[in-house]
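The structure under discussion appears below in the form of structure tokens.
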Amino acid sequence: MLTCEDDLIEKARQGDQDAFRQLWEAHHAGAMATALRLCHHRALAEEITQGAFLLAWRGLPRFHIGSPFRPWLMRILYRHALDVMERQRTYLRPVSIDEVIELERHVVPGSGTFVSGDMQEQVAEREELRQALAQLNADQRRVVALRYGADLTEADIALVLGWPVGTVKSRLNRARERLRVLLTSESG
């Protein structure tokens, strides 16, 4: 059964820019939020999102009508984000208070822009988490980023990575356990 979104995709595949604009409007906010959660830098998230939509536009002839669009777009966004972040070596930069304030302002509507002991504690916790994530293997980081950064389901992660759902579940469980050990040993 074809959906309204499938109709838009088919029109966009034939070069209808208005149809693609409607797809962009339907998915841009979610893609931007995902990119922001993955990289924690607004300007970089905008670059990643724009690049992902450009890649999606170019890749529409290879899209399988009837398949879910969001996981396909998230796969493009995720892979593009990894390329951009690796090129810019973003993962090596520590988290700053200013970046956390900026992130909270855009991800959590109506949040204030005050710096307090709690905010400093949040920054310290995020930095501790960033360091723990850096100690995971690449596959574990991928599933954690997609589950908690991109807020995808295990089934969607399987589609994005091309893995069986069972593999996603086991790697996610191993990553959670490893993080639990790393974060418990550092705080205790």
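If you're wondering about the labels, chains in the structure tokens are A, B, ... by order shown, residues count from 1 in each chain, ligands from 1 in order shown.
For Asp151 (chain A), the set of protein, DNA and RNA residues having any atom at most 12 Å away, when counting only C-alpha atoms and skipping those fewer than 3 positions along the same chain, is Gly30, Ala31, Ala33, Thr34, Ala35, Leu36, Arg37, Leu38, Arg70, Pro71, Met74, Tyr78, Val143, Val144, Ala145, Leu146, Arg147, Tyr148, Glu154, Ala155, Asp156 and Ile157 of chain A.
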Residues of the last selection are to be written out with N, CA and C atoms, as a PDB file, in the first residue's frame.
```pdb
ATOM      1  N   GLY A  30      13.289  16.817  12.824  1.00  0.00           N
ATOM      2  CA  GLY A  30      13.812  15.588  13.421  1.00  0.00           C
ATOM      3  C   GLY A  30      15.254  15.325  13.022  1.00  0.00           C
ATOM      4  N   ALA A  31      15.581  15.598  11.771  1.00  0.00           N
ATOM      5  CA  ALA A  31      16.960  15.401  11.302  1.00  0.00           C
ATOM      6  C   ALA A  31      17.898  16.376  12.001  1.00  0.00           C
ATOM      7  N   ALA A  33      17.451  17.828  14.946  1.00  0.00           N
ATOM      8  CA  ALA A  33      17.581  17.421  16.355  1.00  0.00           C
ATOM      9  C   ALA A  33      18.537  16.237  16.485  1.00  0.00           C
ATOM     10  N   THR A  34      18.439  15.297  15.569  1.00  0.00           N
ATOM     11  CA  THR A  34      19.336  14.143  15.584  1.00  0.00           C
ATOM     12  C   THR A  34      20.779  14.576  15.386  1.00  0.00           C
ATOM     13  N   ALA A  35      21.016  15.426  14.390  1.00  0.00           N
ATOM     14  CA  ALA A  35      22.372  15.902  14.126  1.00  0.00           C
ATOM     15  C   ALA A  35      22.915  16.664  15.335  1.00  0.00           C
ATOM     16  N   LEU A  36      22.070  17.463  15.960  1.00  0.00           N
ATOM     17  CA  LEU A  36      22.494  18.232  17.129  1.00  0.00           C
ATOM     18  C   LEU A  36      22.842  17.305  18.292  1.00  0.00           C
ATOM     19  N   ARG A  37      22.060  16.249  18.469  1.00  0.00           N
ATOM     20  CA  ARG A  37      22.368  15.289  19.537  1.00  0.00           C
ATOM     21  C   ARG A  37      23.652  14.514  19.245  1.00  0.00           C
ATOM     22  N   LEU A  38      23.933  14.294  17.962  1.00  0.00           N
ATOM     23  CA  LEU A  38      25.138  13.547  17.601  1.00  0.00           C
ATOM     24  C   LEU A  38      26.407  14.374  17.749  1.00  0.00           C
ATOM     25  N   ARG A  70      12.046   7.657   6.831  1.00  0.00           N
ATOM     26  CA  ARG A  70      12.825   8.183   7.953  1.00  0.00           C
ATOM     27  C   ARG A  70      14.092   7.373   8.238  1.00  0.00           C
ATOM     28  N   PRO A  71      14.023   6.036   8.352  1.00  0.00           N
ATOM     29  CA  PRO A  71      15.262   5.296   8.596  1.00  0.00           C
ATOM     30  C   PRO A  71      16.281   5.454   7.452  1.00  0.00           C
ATOM     31  N   MET A  74      17.799   8.804   7.989  1.00  0.00           N
ATOM     32  CA  MET A  74      18.671   8.760   9.165  1.00  0.00           C
ATOM     33  C   MET A  74      19.972   8.014   8.865  1.00  0.00           C
ATOM     34  N   TYR A  78      23.331   9.865   9.446  1.00  0.00           N
ATOM     35  CA  TYR A  78      24.298   9.293  10.382  1.00  0.00           C
ATOM     36  C   TYR A  78      25.655   9.096   9.713  1.00  0.00           C
ATOM     37  N   VAL A 143      25.746   2.060  17.786  1.00  0.00           N
ATOM     38  CA  VAL A 143      24.401   1.732  18.262  1.00  0.00           C
ATOM     39  C   VAL A 143      23.952   2.679  19.367  1.00  0.00           C
ATOM     40  N   VAL A 144      24.872   3.099  20.225  1.00  0.00           N
ATOM     41  CA  VAL A 144      24.521   4.051  21.287  1.00  0.00           C
ATOM     42  C   VAL A 144      24.143   5.398  20.674  1.00  0.00           C
ATOM     43  N   ALA A 145      24.913   5.860  19.684  1.00  0.00           N
ATOM     44  CA  ALA A 145      24.612   7.145  19.045  1.00  0.00           C
ATOM     45  C   ALA A 145      23.265   7.112  18.348  1.00  0.00           C
ATOM     46  N   LEU A 146      22.958   6.020  17.693  1.00  0.00           N
ATOM     47  CA  LEU A 146      21.680   5.937  16.986  1.00  0.00           C
ATOM     48  C   LEU A 146      20.505   5.751  17.939  1.00  0.00           C
ATOM     49  N   ARG A 147      20.712   4.996  19.015  1.00  0.00           N
ATOM     50  CA  ARG A 147      19.612   4.766  19.962  1.00  0.00           C
ATOM     51  C   ARG A 147      19.327   6.007  20.801  1.00  0.00           C
ATOM     52  N   TYR A 148      20.376   6.593  21.361  1.00  0.00           N
ATOM     53  CA  TYR A 148      20.172   7.700  22.292  1.00  0.00           C
ATOM     54  C   TYR A 148      20.419   9.062  21.652  1.00  0.00           C
ATOM     55  N   GLU A 154      15.360  -0.042  17.892  1.00  0.00           N
ATOM     56  CA  GLU A 154      16.315  -1.082  17.524  1.00  0.00           C
ATOM     57  C   GLU A 154      16.075  -1.556  16.099  1.00  0.00           C
ATOM     58  N   ALA A 155      14.803  -1.647  15.690  1.00  0.00           N
ATOM     59  CA  ALA A 155      14.482  -2.064  14.316  1.00  0.00           C
ATOM     60  C   ALA A 155      14.988  -1.040  13.306  1.00  0.00           C
ATOM     61  N   ASP A 156      14.818   0.249  13.613  1.00  0.00           N
ATOM     62  CA  ASP A 156      15.311   1.298  12.709  1.00  0.00           C
ATOM     63  C   ASP A 156      16.838   1.309  12.655  1.00  0.00           C
ATOM     64  N   ILE A 157      17.478   1.071  13.791  1.00  0.00           N
ATOM     65  CA  ILE A 157      18.946   1.000  13.815  1.00  0.00           C
ATOM     66  C   ILE A 157      19.413  -0.143  12.916  1.00  0.00           C
TER      67      ILE A 157
END
```
Please identify all polymer residues within 9 Å of Phe63 (chain A), counting only C-alpha atoms, omitting same-chain residues fewer than 4 positions from it, and present them as a list in words.
Ile9, Arg13, Ala56, Gly59, Ser67, Phe69 and Trp72 of chain A
Kindly save the residues from that selection, with C-alpha atoms included, as a PDB file, in the first residue's frame.
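Written file, selection-v3.pdb:
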```pdb
ATOM      1  CA  ILE A   9       8.939  10.507  -2.901  1.00  0.00           C
ATOM      2  CA  ARG A  13      12.384  11.182  -7.778  1.00  0.00           C
ATOM      3  CA  ALA A  56      19.030  12.177   0.002  1.00  0.00           C
ATOM      4  CA  GLY A  59      19.955   9.273  -3.780  1.00  0.00           C
ATOM      5  CA  SER A  67      10.175   1.411   2.386  1.00  0.00           C
ATOM      6  CA  PHE A  69      11.685   7.123   4.456  1.00  0.00           C
ATOM      7  CA  TRP A  72      16.675   5.743   5.082  1.00  0.00           C
TER       8      TRP A  72
END
```
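Residue nearest Leu8 (chain A), chosen from A:Leu159, A:His40, A:Ala45, A:Ile65 and counting only C-alpha atoms: A:Ile65.
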Here is a test: counting only C-alpha atoms, which residue of A:His28, A:Arg141, A:His41, A:Lys169 is nearest to Leu54 (chain A)?
A:His28
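The closest residue to Arg126 (chain A), picked from A:Leu55, A:Leu161, A:Gln140, A:Leu183 and counting only C-alpha atoms, is A:Leu183.
Note that CA of Asp83 (chain A) and CA of Glu25 (chain A) are 24.4 Å apart.
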Quick one: distance from CA of Asp7 (chain A) to CA of Leu152 (chain A) in Å, one decimal?
24.1 Å
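CA of Leu73 (chain A) lies 17.0 Å from CA of Gln17 (chain A).
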For Glu47 (chain A), work out the shell of residues within 10 Å, counting only C-alpha atoms and skipping chain neighbours fewer than 4 positions away, then give it as a ChimeraX atom specification.
/A:32,35,42-43,51-52,80-81,84
